[in-house]
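J.: Provided below: my_file.cif, containing mmCIF, C-alpha atoms and all ligand atoms.
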```
data_model
loop_
_atom_site.label_atom_id
_atom_site.label_comp_id
_atom_site.auth_asym_id
_atom_site.auth_seq_id
_atom_site.Cartn_x
_atom_site.Cartn_y
_atom_site.Cartn_z
CA MET S 1 134.36 63.99 205.18
CA LYS S 2 131.26 65.92 204.25
CA LYS S 3 130.71 69.49 205.48
CA THR S 4 127.94 69.96 208.01
CA ILE S 5 126.02 72.91 209.42
CA ARG S 6 128.75 73.09 212.10
CA ASP S 7 131.33 74.02 209.46
CA ILE S 8 129.79 77.23 208.11
CA ASN S 9 128.85 80.65 209.40
CA LEU S 10 125.09 80.59 209.81
CA SER S 11 124.51 84.05 211.17
CA GLY S 12 121.96 85.94 209.08
CA LYS S 13 121.83 83.13 206.50
CA ARG S 14 118.61 81.82 204.99
CA CYS S 15 118.90 78.04 205.02
CA LEU S 16 116.81 75.85 202.73
CA VAL S 17 116.55 72.55 204.61
CA ARG S 18 115.46 69.40 202.75
CA CYS S 19 113.78 67.30 205.41
CA ASP S 20 112.02 63.97 205.27
CA PHE S 21 108.52 64.77 206.47
CA ASN S 22 107.08 61.81 204.58
CA VAL S 23 105.08 60.71 207.63
CA PRO S 24 102.27 58.16 207.79
CA MET S 25 98.78 59.65 208.09
CA ASP S 26 95.35 58.12 208.77
CA ALA S 27 92.25 58.59 206.59
CA GLU S 28 91.37 61.83 208.44
CA GLY S 29 94.80 63.32 207.71
CA HIS S 30 96.18 62.92 211.26
CA ILE S 31 99.86 62.11 211.60
CA THR S 32 100.10 58.58 213.07
CA ASP S 33 103.86 58.53 213.67
CA ASP S 34 105.86 61.76 213.99
CA THR S 35 109.31 60.13 214.35
CA ARG S 36 110.60 61.68 211.12
CA ILE S 37 109.47 65.17 212.13
CA ARG S 38 111.05 64.88 215.57
CA ALA S 39 114.24 63.55 214.00
CA SER S 40 114.67 66.85 212.13
CA LEU S 41 114.43 69.03 215.27
CA PRO S 42 118.14 69.04 216.26
CA THR S 43 119.10 70.41 212.83
CA ILE S 44 116.36 73.06 212.83
CA GLN S 45 117.08 74.13 216.42
CA PHE S 46 120.82 74.39 215.75
CA LEU S 47 120.22 76.61 212.71
CA LEU S 48 117.82 78.86 214.62
CA SER S 49 120.05 79.21 217.67
CA ASN S 50 122.98 80.16 215.44
CA GLY S 51 121.23 83.12 213.87
CA ALA S 52 119.88 81.53 210.69
CA SER S 53 116.36 81.59 209.30
CA VAL S 54 114.92 78.31 208.10
CA ILE S 55 112.97 77.38 204.97
CA LEU S 56 111.86 73.76 205.25
CA THR S 57 111.03 71.61 202.27
CA SER S 58 109.95 67.98 201.87
CA HIS S 59 107.83 65.61 199.85
CA LEU S 60 104.89 63.63 201.24
CA GLY S 61 103.61 60.46 199.56
CA ARG S 62 103.29 60.10 195.82
CA PRO S 63 100.76 62.62 194.55
CA GLU S 64 100.06 62.09 190.86
CA GLY S 65 99.20 64.99 188.62
CA GLY S 66 99.73 68.05 190.79
CA PHE S 67 98.03 69.35 193.91
CA ASP S 68 96.06 66.91 196.05
CA ALA S 69 94.92 68.11 199.50
CA LYS S 70 95.44 64.58 200.84
CA TYR S 71 99.20 65.07 200.43
CA SER S 72 99.41 68.63 201.75
CA LEU S 73 102.07 69.38 204.37
CA GLN S 74 99.57 71.53 206.31
CA ALA S 75 99.29 68.96 209.13
CA VAL S 76 103.09 68.78 209.34
CA ALA S 77 103.30 72.59 209.67
CA LEU S 78 100.81 72.57 212.57
CA HIS S 79 102.59 69.67 214.27
CA LEU S 80 105.98 71.34 213.84
CA GLU S 81 104.69 74.50 215.52
CA LYS S 82 103.67 72.41 218.51
CA ILE S 83 106.91 70.47 218.95
CA LEU S 84 109.25 73.28 217.90
CA GLY S 85 107.46 75.79 220.11
CA CYS S 86 107.51 78.61 217.56
CA ALA S 87 105.48 79.85 214.60
CA VAL S 88 105.92 78.02 211.30
CA TRP S 89 104.71 80.04 208.32
CA PHE S 90 102.91 77.85 205.81
CA GLN S 91 100.66 78.51 202.87
CA SER S 92 99.26 75.65 200.81
CA VAL S 93 100.52 76.88 197.46
CA PRO S 94 99.79 74.25 194.76
CA GLU S 95 102.81 75.34 192.70
CA VAL S 96 104.98 75.22 195.90
CA ILE S 97 106.63 78.59 195.14
CA ASP S 98 104.64 81.69 194.18
CA ASP S 99 105.10 85.41 194.84
CA SER S 100 103.75 85.14 198.41
CA VAL S 101 106.34 82.45 199.19
CA ARG S 102 109.14 84.46 197.55
CA GLU S 103 108.14 87.55 199.53
CA LYS S 104 107.98 85.66 202.81
CA ALA S 105 111.36 84.01 202.21
CA ALA S 106 112.94 87.37 201.36
CA GLU S 107 111.73 89.00 204.57
CA LEU S 108 112.36 86.01 206.85
CA LYS S 109 114.28 87.12 209.95
CA PRO S 110 116.89 85.15 211.89
CA GLY S 111 115.10 82.68 214.15
CA GLU S 112 112.02 82.46 211.89
CA VAL S 113 110.75 79.31 210.18
CA MET S 114 108.65 78.64 207.11
CA LEU S 115 107.61 75.38 205.44
CA LEU S 116 107.01 74.97 201.71
CA GLU S 117 104.20 72.82 200.29
CA ASN S 118 104.87 69.22 199.13
CA THR S 119 107.59 69.43 196.45
CA ARG S 120 105.97 66.57 194.51
CA PHE S 121 103.01 68.80 193.63
CA VAL S 122 105.35 70.13 190.93
CA ALA S 123 105.91 67.63 188.10
CA GLY S 124 109.52 68.77 187.68
CA GLU S 125 110.53 67.59 191.16
CA THR S 126 110.97 63.88 190.40
CA LYS S 127 112.48 64.71 186.97
CA ASN S 128 115.13 66.84 188.66
CA ASP S 129 113.95 69.82 186.61
CA PRO S 130 116.54 72.60 186.94
CA ARG S 131 113.78 75.25 186.85
CA LEU S 132 112.33 74.01 190.14
CA ALA S 133 115.83 73.54 191.59
CA LYS S 134 116.75 77.14 190.65
CA ASP S 135 113.47 78.44 192.02
CA LEU S 136 114.05 76.67 195.35
CA ALA S 137 117.66 77.88 195.47
CA SER S 138 116.59 81.48 194.83
CA LEU S 139 114.86 81.52 198.24
CA ALA S 140 118.01 80.85 200.27
CA ASP S 141 121.78 81.32 200.77
CA VAL S 142 122.64 77.78 201.84
CA PHE S 143 121.21 74.31 201.15
CA VAL S 144 121.09 71.90 204.09
CA ALA S 145 120.65 68.29 202.96
CA ASP S 146 118.99 66.37 205.79
CA ALA S 147 116.63 63.90 204.05
CA PHE S 148 118.70 60.73 203.98
CA GLY S 149 115.61 58.63 203.17
CA SER S 150 115.33 60.43 199.80
CA ALA S 151 119.06 60.74 199.09
CA HIS S 152 119.06 57.84 196.62
CA ARG S 153 116.83 59.89 194.34
CA ALA S 154 118.16 62.71 192.16
CA HIS S 155 115.23 65.09 192.50
CA SER S 156 115.16 68.90 192.30
CA SER S 157 114.84 69.26 196.08
CA THR S 158 117.33 66.53 197.03
CA GLN S 159 120.14 67.05 194.52
CA GLY S 160 119.23 69.62 191.83
CA VAL S 161 119.22 72.55 194.23
CA SER S 162 122.85 71.81 195.17
CA ASP S 163 123.88 72.97 191.68
CA TYR S 164 122.95 76.51 192.72
CA LEU S 165 123.74 76.73 196.44
CA PRO S 166 126.61 75.75 198.73
CA THR S 167 125.44 72.46 200.25
CA VAL S 168 126.13 71.07 203.71
CA SER S 169 124.58 68.21 205.65
CA GLY S 170 122.25 68.48 208.60
CA PHE S 171 122.72 66.33 211.71
CA LEU S 172 120.43 63.53 210.52
CA MET S 173 122.33 63.10 207.28
CA GLU S 174 125.63 63.36 209.15
CA ARG S 175 124.63 60.53 211.50
CA GLU S 176 123.54 58.27 208.65
CA ILE S 177 126.83 58.77 206.81
CA ARG S 178 128.79 58.23 210.02
CA PHE S 179 127.07 55.01 211.07
CA LEU S 180 126.28 53.39 207.71
CA GLY S 181 129.59 54.50 206.22
CA ASP S 182 132.41 55.00 208.70
CA ALA S 183 131.17 52.52 211.33
CA LEU S 184 130.97 49.73 208.76
CA GLU S 185 134.24 50.71 207.02
CA ASN S 186 136.27 50.84 210.24
CA PRO S 187 134.24 48.75 212.65
CA THR S 188 135.05 47.59 216.13
CA ARG S 189 135.40 43.87 215.42
CA PRO S 190 134.00 41.29 215.27
CA LEU S 191 131.61 42.85 212.75
CA LEU S 192 128.33 40.95 212.65
CA ALA S 193 125.59 41.46 210.06
CA ILE S 194 122.10 40.07 210.51
CA LEU S 195 119.97 39.85 207.41
CA GLY S 196 116.36 38.87 207.01
CA GLY S 197 113.32 39.88 205.06
CA ALA S 198 111.59 38.34 202.11
CA LYS S 199 113.74 37.81 199.01
CA VAL S 200 117.39 36.97 198.43
CA SER S 201 117.46 38.56 195.00
CA ASP S 202 116.39 41.95 196.49
CA LYS S 203 119.42 41.94 198.78
CA ILE S 204 122.05 40.29 196.64
CA LEU S 205 124.23 43.40 196.30
CA VAL S 206 123.93 44.08 200.02
CA ILE S 207 125.01 40.52 200.84
CA ARG S 208 128.00 40.77 198.47
CA GLN S 209 129.15 44.06 200.00
CA LEU S 210 128.74 42.72 203.51
CA LEU S 211 130.67 39.54 202.70
CA ALA S 212 133.67 41.74 201.95
CA LYS S 213 133.46 43.40 205.37
CA VAL S 214 131.91 41.20 208.04
CA ASN S 215 133.30 38.41 210.21
CA THR S 216 129.95 36.70 210.60
CA LEU S 217 126.64 36.89 208.75
CA LEU S 218 123.40 35.60 210.26
CA ILE S 219 120.56 34.92 207.85
CA GLY S 220 116.95 34.63 209.01
CA GLY S 221 113.52 35.65 207.74
CA GLY S 222 111.98 34.57 204.46
CA MET S 223 115.27 34.68 202.57
CA ALA S 224 116.79 31.95 204.78
CA TYR S 225 114.63 29.28 203.12
CA THR S 226 116.20 29.87 199.73
CA PHE S 227 119.62 29.34 201.33
CA LEU S 228 118.36 26.18 203.11
CA LYS S 229 116.89 24.90 199.83
CA SER S 230 120.20 25.52 198.08
CA LYS S 231 121.77 23.12 200.58
CA GLY S 232 119.22 20.45 199.59
CA TYR S 233 117.08 20.79 202.73
CA GLU S 234 113.34 20.05 202.86
CA ILE S 235 111.74 23.46 203.38
CA GLY S 236 108.08 22.44 203.01
CA SER S 237 105.91 25.25 201.68
CA SER S 238 108.16 28.01 203.10
CA LEU S 239 108.81 31.13 201.04
CA LEU S 240 111.14 30.21 198.20
CA ASP S 241 112.79 32.57 195.76
CA GLU S 242 113.34 30.04 192.90
CA SER S 243 115.48 32.46 190.94
CA GLY S 244 117.70 32.97 193.98
CA ILE S 245 118.66 29.33 194.69
CA GLU S 246 121.80 29.32 192.55
CA LEU S 247 122.72 32.70 193.88
CA ALA S 248 122.35 31.54 197.47
CA SER S 249 124.59 28.59 196.77
CA ALA S 250 127.21 30.85 195.15
CA LEU S 251 127.08 33.22 198.12
CA LEU S 252 127.66 30.38 200.60
CA LYS S 253 130.71 29.34 198.56
CA GLU S 254 131.94 32.93 198.33
CA ALA S 255 131.67 33.28 202.10
CA GLU S 256 133.66 30.11 202.65
CA GLU S 257 136.43 31.36 200.35
CA LYS S 258 136.53 34.68 202.18
CA GLY S 259 136.57 33.04 205.61
CA VAL S 260 133.26 34.63 206.54
CA GLN S 261 131.02 32.56 208.77
CA ILE S 262 127.41 32.39 207.51
CA LEU S 263 124.93 31.00 210.01
CA LEU S 264 121.51 29.83 208.82
CA PRO S 265 118.57 28.78 211.01
CA THR S 266 118.90 25.28 212.45
CA ASP S 267 115.26 25.16 213.56
CA VAL S 268 112.14 27.08 212.58
CA ASN S 269 108.66 27.85 213.85
CA ALA S 270 106.42 26.62 211.05
CA GLY S 271 102.69 27.04 210.53
CA LEU S 272 100.14 25.32 208.29
CA SER S 273 99.12 28.61 206.71
CA PHE S 274 100.26 32.24 206.52
CA SER S 275 98.18 33.33 209.49
CA ASN S 276 98.58 34.24 213.14
CA GLU S 277 95.80 31.76 213.95
CA THR S 278 97.51 28.79 212.32
CA ASP S 279 98.77 25.82 214.32
CA ALA S 280 102.53 26.37 214.71
CA ASP S 281 105.31 24.04 215.80
CA ILE S 282 109.11 23.83 215.88
CA PHE S 283 110.91 21.73 213.23
CA PRO S 284 114.55 21.20 212.28
CA ALA S 285 115.49 23.49 209.41
CA ASP S 286 116.36 20.53 207.15
CA ALA S 287 113.09 18.65 207.67
CA ILE S 288 110.12 21.00 207.44
CA PRO S 289 107.00 18.93 206.58
CA ALA S 290 105.62 19.46 203.07
CA ASP S 291 102.43 21.13 204.36
CA ARG S 292 104.24 23.58 206.69
CA MET S 293 105.86 26.95 206.13
CA GLY S 294 108.61 28.43 208.26
CA LEU S 295 107.41 31.77 209.56
CA ASP S 296 109.99 32.45 212.27
CA ILE S 297 113.35 31.20 213.49
CA GLY S 298 113.17 28.53 216.22
CA PRO S 299 114.50 28.55 219.84
CA LYS S 300 117.89 26.89 219.06
CA THR S 301 118.51 29.40 216.28
CA ILE S 302 117.55 32.27 218.58
CA GLU S 303 120.01 31.00 221.18
CA CYS S 304 122.78 30.79 218.58
CA PHE S 305 122.02 34.21 217.04
CA VAL S 306 121.88 35.86 220.49
CA ALA S 307 125.27 34.32 221.38
CA GLU S 308 126.76 35.84 218.20
CA ILE S 309 125.26 39.23 219.06
CA GLU S 310 126.83 39.05 222.53
CA LYS S 311 130.28 38.36 220.99
CA ALA S 312 130.19 41.14 218.39
CA GLY S 313 131.83 44.58 218.53
CA THR S 314 129.63 46.11 215.82
CA ILE S 315 126.28 44.81 214.61
CA PHE S 316 124.38 45.78 211.47
CA TRP S 317 120.82 44.46 211.15
CA ASN S 318 118.49 44.63 208.17
CA GLY S 319 115.32 42.59 207.76
CA PRO S 320 113.06 40.77 210.22
CA MET S 321 113.74 37.18 211.33
CA GLY S 322 110.15 36.15 210.69
CA VAL S 323 106.69 37.49 209.96
CA PHE S 324 106.96 39.88 212.91
CA GLU S 325 103.69 41.59 211.97
CA MET S 326 101.96 38.45 213.37
CA PRO S 327 102.56 38.18 217.16
CA LYS S 328 102.92 34.39 216.96
CA PHE S 329 105.91 34.77 214.62
CA ALA S 330 107.53 37.86 216.13
CA THR S 331 109.59 35.95 218.73
CA GLY S 332 112.81 35.68 216.68
CA THR S 333 112.76 39.30 215.57
CA LYS S 334 112.04 40.43 219.13
CA ALA S 335 114.85 38.27 220.58
CA VAL S 336 117.35 39.78 218.12
CA ALA S 337 116.12 43.30 218.93
CA GLU S 338 116.36 42.66 222.68
CA ALA S 339 119.85 41.18 222.46
CA MET S 340 120.97 44.16 220.38
CA ALA S 341 119.41 46.54 222.90
CA LYS S 342 121.39 44.90 225.73
CA THR S 343 124.84 44.62 224.19
CA PRO S 344 127.40 47.42 224.70
CA ALA S 345 128.45 46.92 221.03
CA ILE S 346 127.73 49.49 218.32
CA THR S 347 124.27 48.57 217.03
CA ILE S 348 123.02 49.83 213.69
CA VAL S 349 119.52 49.06 212.46
CA GLY S 350 119.28 49.50 208.73
CA GLY S 351 115.92 51.03 207.99
CA GLY S 352 112.69 49.60 206.61
CA ASP S 353 111.01 46.73 208.43
CA SER S 354 113.73 46.17 211.01
CA ALA S 355 113.48 49.83 212.04
CA ALA S 356 109.69 49.40 212.26
CA ALA S 357 110.23 46.28 214.39
CA VAL S 358 112.54 47.93 216.95
CA THR S 359 110.12 50.85 217.18
CA GLN S 360 107.21 48.43 217.66
CA PHE S 361 109.10 46.72 220.51
CA GLY S 362 109.93 50.09 222.11
CA LEU S 363 113.69 49.47 221.71
CA ALA S 364 114.68 52.09 219.12
CA SER S 365 116.28 54.36 221.74
CA GLU S 366 118.49 51.46 222.94
CA MET S 367 120.25 51.19 219.57
CA THR S 368 123.32 53.22 218.63
CA HIS S 369 121.69 54.18 215.34
CA VAL S 370 118.39 53.40 213.64
CA SER S 371 118.57 54.44 210.02
CA THR S 372 115.73 56.61 208.72
CA GLY S 373 116.15 55.30 205.18
CA GLY S 374 114.66 52.27 203.47
CA GLY S 375 115.84 52.07 199.87
CA ALA S 376 118.51 54.72 200.55
CA THR S 377 120.00 52.65 203.38
CA LEU S 378 120.28 49.54 201.23
CA GLU S 379 121.80 51.48 198.31
CA PHE S 380 124.31 53.12 200.66
CA ILE S 381 125.34 49.70 202.03
CA GLU S 382 125.54 48.40 198.45
CA GLY S 383 128.24 51.02 197.94
CA LYS S 384 126.25 53.07 195.43
CA ALA S 385 126.89 56.80 195.22
CA LEU S 386 123.70 58.48 196.41
CA PRO S 387 122.97 61.71 194.49
CA GLY S 388 121.70 63.40 197.66
CA VAL S 389 124.95 62.59 199.49
CA ILE S 390 127.59 63.21 196.83
CA CYS S 391 126.22 66.72 196.28
CA ILE S 392 127.31 67.72 199.83
CA LEU S 393 130.53 69.74 199.93
CA ASP S 394 133.66 67.91 201.07
CA HIS S 395 136.12 69.34 203.57
P1 LIG S 401 111.94 42.91 203.29
O1 LIG S 401 111.12 44.07 202.84
O2 LIG S 401 112.60 42.15 202.20
O3 LIG S 401 112.87 43.27 204.44
O4 LIG S 401 110.89 41.86 203.88
C1 LIG S 401 110.17 42.10 205.03
C2 LIG S 401 108.99 41.18 205.06
O5 LIG S 401 109.44 39.85 205.07
C3 LIG S 401 108.15 41.37 206.31
O6 LIG S 401 106.89 41.87 205.95
C4 LIG S 401 108.05 39.98 206.89
O7 LIG S 401 106.76 39.66 207.31
C5 LIG S 401 108.46 39.09 205.73
N1 LIG S 401 108.99 37.81 206.22
C6 LIG S 401 109.91 37.59 207.15
N2 LIG S 401 110.08 36.28 207.37
C7 LIG S 401 109.25 35.63 206.54
C8 LIG S 401 108.95 34.26 206.30
N3 LIG S 401 109.57 33.29 206.98
N4 LIG S 401 108.03 33.97 205.36
C9 LIG S 401 107.41 34.94 204.68
N5 LIG S 401 107.65 36.27 204.86
C10 LIG S 401 108.55 36.62 205.79
#
```
Show how you would write the structure in this file as structure tokens.
Ligand code: AMP

T.:
Amino acid sequence: MKKTIRDINLSGKRCLVRCDFNVPMDAEGHITDDTRIRASLPTIQFLLSNGASVILTSHLGRPEGGFDAKYSLQAVALHLEKILGCAVWFQSVPEVIDDSVREKAAELKPGEVMLLENTRFVAGETKNDPRLAKDLASLADVFVADAFGSAHRAHSSTQGVSDYLPTVSGFLMEREIRFLGDALENPTRPLLAILGGAKVSDKILVIRQLLAKVNTLLIGGGMAYTFLKSKGYEIGSSLLDESGIELASALLKEAEEKGVQILLPTDVNAGLSFSNETDADIFPADAIPADRMGLDIGPKTIECFVAEIEKAGTIFWNGPMGVFEMPKFATGTKAVAEAMAKTPAITIVGGGDSAAAVTQFGLASEMTHVSTGGGATLEFIEGKALPGVICILDH
């Protein structure tokens, strides 16, 4: 069990909090989705109401070669002031920490908040340079790790700083560890995993890990066609990961040996081209015409997948069932999201596109947990030790 901000005395402490404020912005620099900022509020509010002062830090985008106003956290500071309802001190310091920042941090009073500039403006950040880590640590008494989405990277602000400060998790990090870790290790059974997305080879380690844990695995999305092909089915011009065919076949065999049920689509909604305007029709999954590509799961498959969702005690979902970005091929993904929203089971949505899909359908709040990570979520499920998680103190 990792220590959290509940486990330490916060009174009078200056807490350096690594958040994930890597929010999408439009060309004018307006934040287009503030979910990640809002997600950090419970941690910040808890620290403030327990007598701590808060120094927030985050990266934004991938600035190359130092300061770039396009990637400044200025807009995040202004937005935070609005939704937090208190002043957030911010100065756009290209080197992130200078004397003005040090001075402000030193005189910060309990209940006060400041935000540092984008950590990636300093070249040392992504190299986990100990000088930056030490500099960040010198501002505070405690490090609060709350950026799960960056925890798979050993950077100065995600891991390096923990070499110099006692490190505990914030509430966001705690939730991710609880639901991606504990809930999948000791699940209420049956444990059902639903996988989709583009390529099998991208998710091979995830599939292997899940095969060791789940009772049933549903496979949809682009990766399903490689599995169908491995069974000798006609998949037309559907997405095929040539290099993954053998792998898919081996995974089906592995599942059989382990007594895990893998369900593939039995029918698909196939179009003539990769477009929302294409003529689309339903075909059996073993007889897709040569000129058609499967872009969504079909109605029989939806019925079967929904029935599995209704039977499950815990459900983990990663990857869309079809090209959900096109309304014509969003039906399968939406049906899975709606069935998950309805079931009383524990429902965990594993980041990336599936998280975007449940948000798009307005169903995120109906899930037990929607992971904030993309790559970090997959690496966590793969069983890899994430540098930004292992650095948190154990009980
Ligand atoms: P991933 O990042 O691997 O989870 O893949 C997500 C992407 O897979 C989304 O952009 C989907 O549009 C795409 N996708 C899902 N189903 C299909 C399909 N049948 N054919 C092509 N792409 C798909």

J.: Smallest atom-to-atom distance to ligand LIG 401 (chain S): which of S:Met114, S:Ala87, S:Val349, S:Ala212, using only C-alpha atoms and all ligand atoms?

T.: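 The shortest atom-to-atom distance to ligand LIG 401 (chain S) comes from S:Val349.
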
J.: Taking all atoms listed in the file into account, which residues have an atom no farther than 6 Å from ligand LIG 401 (chain S)? I'd like them as number ranges by chain.

T.: S: 197-199, 221-222, 239, 294-296, 319-325, 353

J.: Write the selection just made, keeping C-alpha atoms, as a CSV table (one decimal), in the coordinates of the input?

T.:
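Writing the result to out_38.csv gives the following:
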```csv
chain,number,residue,atom,x,y,z
S,197,GLY,CA,113.3,39.9,205.1
S,198,ALA,CA,111.6,38.3,202.1
S,199,LYS,CA,113.7,37.8,199.0
S,221,GLY,CA,113.5,35.6,207.7
S,222,GLY,CA,112.0,34.6,204.5
S,239,LEU,CA,108.8,31.1,201.0
S,294,GLY,CA,108.6,28.4,208.3
S,295,LEU,CA,107.4,31.8,209.6
S,296,ASP,CA,110.0,32.4,212.3
S,319,GLY,CA,115.3,42.6,207.8
S,320,PRO,CA,113.1,40.8,210.2
S,321,MET,CA,113.7,37.2,211.3
S,322,GLY,CA,110.2,36.2,210.7
S,323,VAL,CA,106.7,37.5,210.0
S,324,PHE,CA,107.0,39.9,212.9
S,325,GLU,CA,103.7,41.6,212.0
S,353,ASP,CA,111.0,46.7,208.4
```

J.: Using all atoms listed in the file, can you tell me which of S:Ala39, S:Cys15, S:Leu210, S:Met367 comes closest to Leu184 (chain S)?

T.: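 Ranking S:Ala39, S:Cys15, S:Leu210, S:Met367 by distance to Leu184 (chain S), first place goes to S:Leu210.
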
J.: Counting all atoms listed in the file, figure out which residue out of S:Asp141, S:Glu303, S:Asp34, S:Asp182 gets nearest to Ile381 (chain S).

T.: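 Smallest separation from Ile381 (chain S) among the options: S:Asp182.
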
J.: Give me, please, the distance in Å between CA of Ile235 (chain S) and CA of Ala355 (chain S), quoted to one decimal.

T.: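 CA of Ala355 (chain S) lies 27.8 Å from CA of Ile235 (chain S).
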
J.: Under the rule that all atoms listed in the file are counted, which of S:Met326, S:Ala75, S:Leu180, S:Ile302 is the nearest residue to Gly271 (chain S)?

T.: S:Met326

J.: Measuring atom to atom with all atoms listed in the file, identify which of S:Gly362, S:Pro110, S:Gly388, S:Gly51 is nearest to Phe143 (chain S).

T.: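 Between S:Gly362, S:Pro110, S:Gly388, S:Gly51, the residue approaching Phe143 (chain S) most closely is S:Gly388.
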
J.: Name the residues in contact with Ala224 (chain S) at a cut-off of 8 Å, using only C-alpha atoms, excluding same-chain residues fewer than 3 positions from it; report them as a list of chain:residue names.

T.: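 My list of contacting residues is S:Gly196, S:Ile219, S:Gly220, S:Gly221, S:Phe227, S:Leu228, S:Leu264, S:Pro265.
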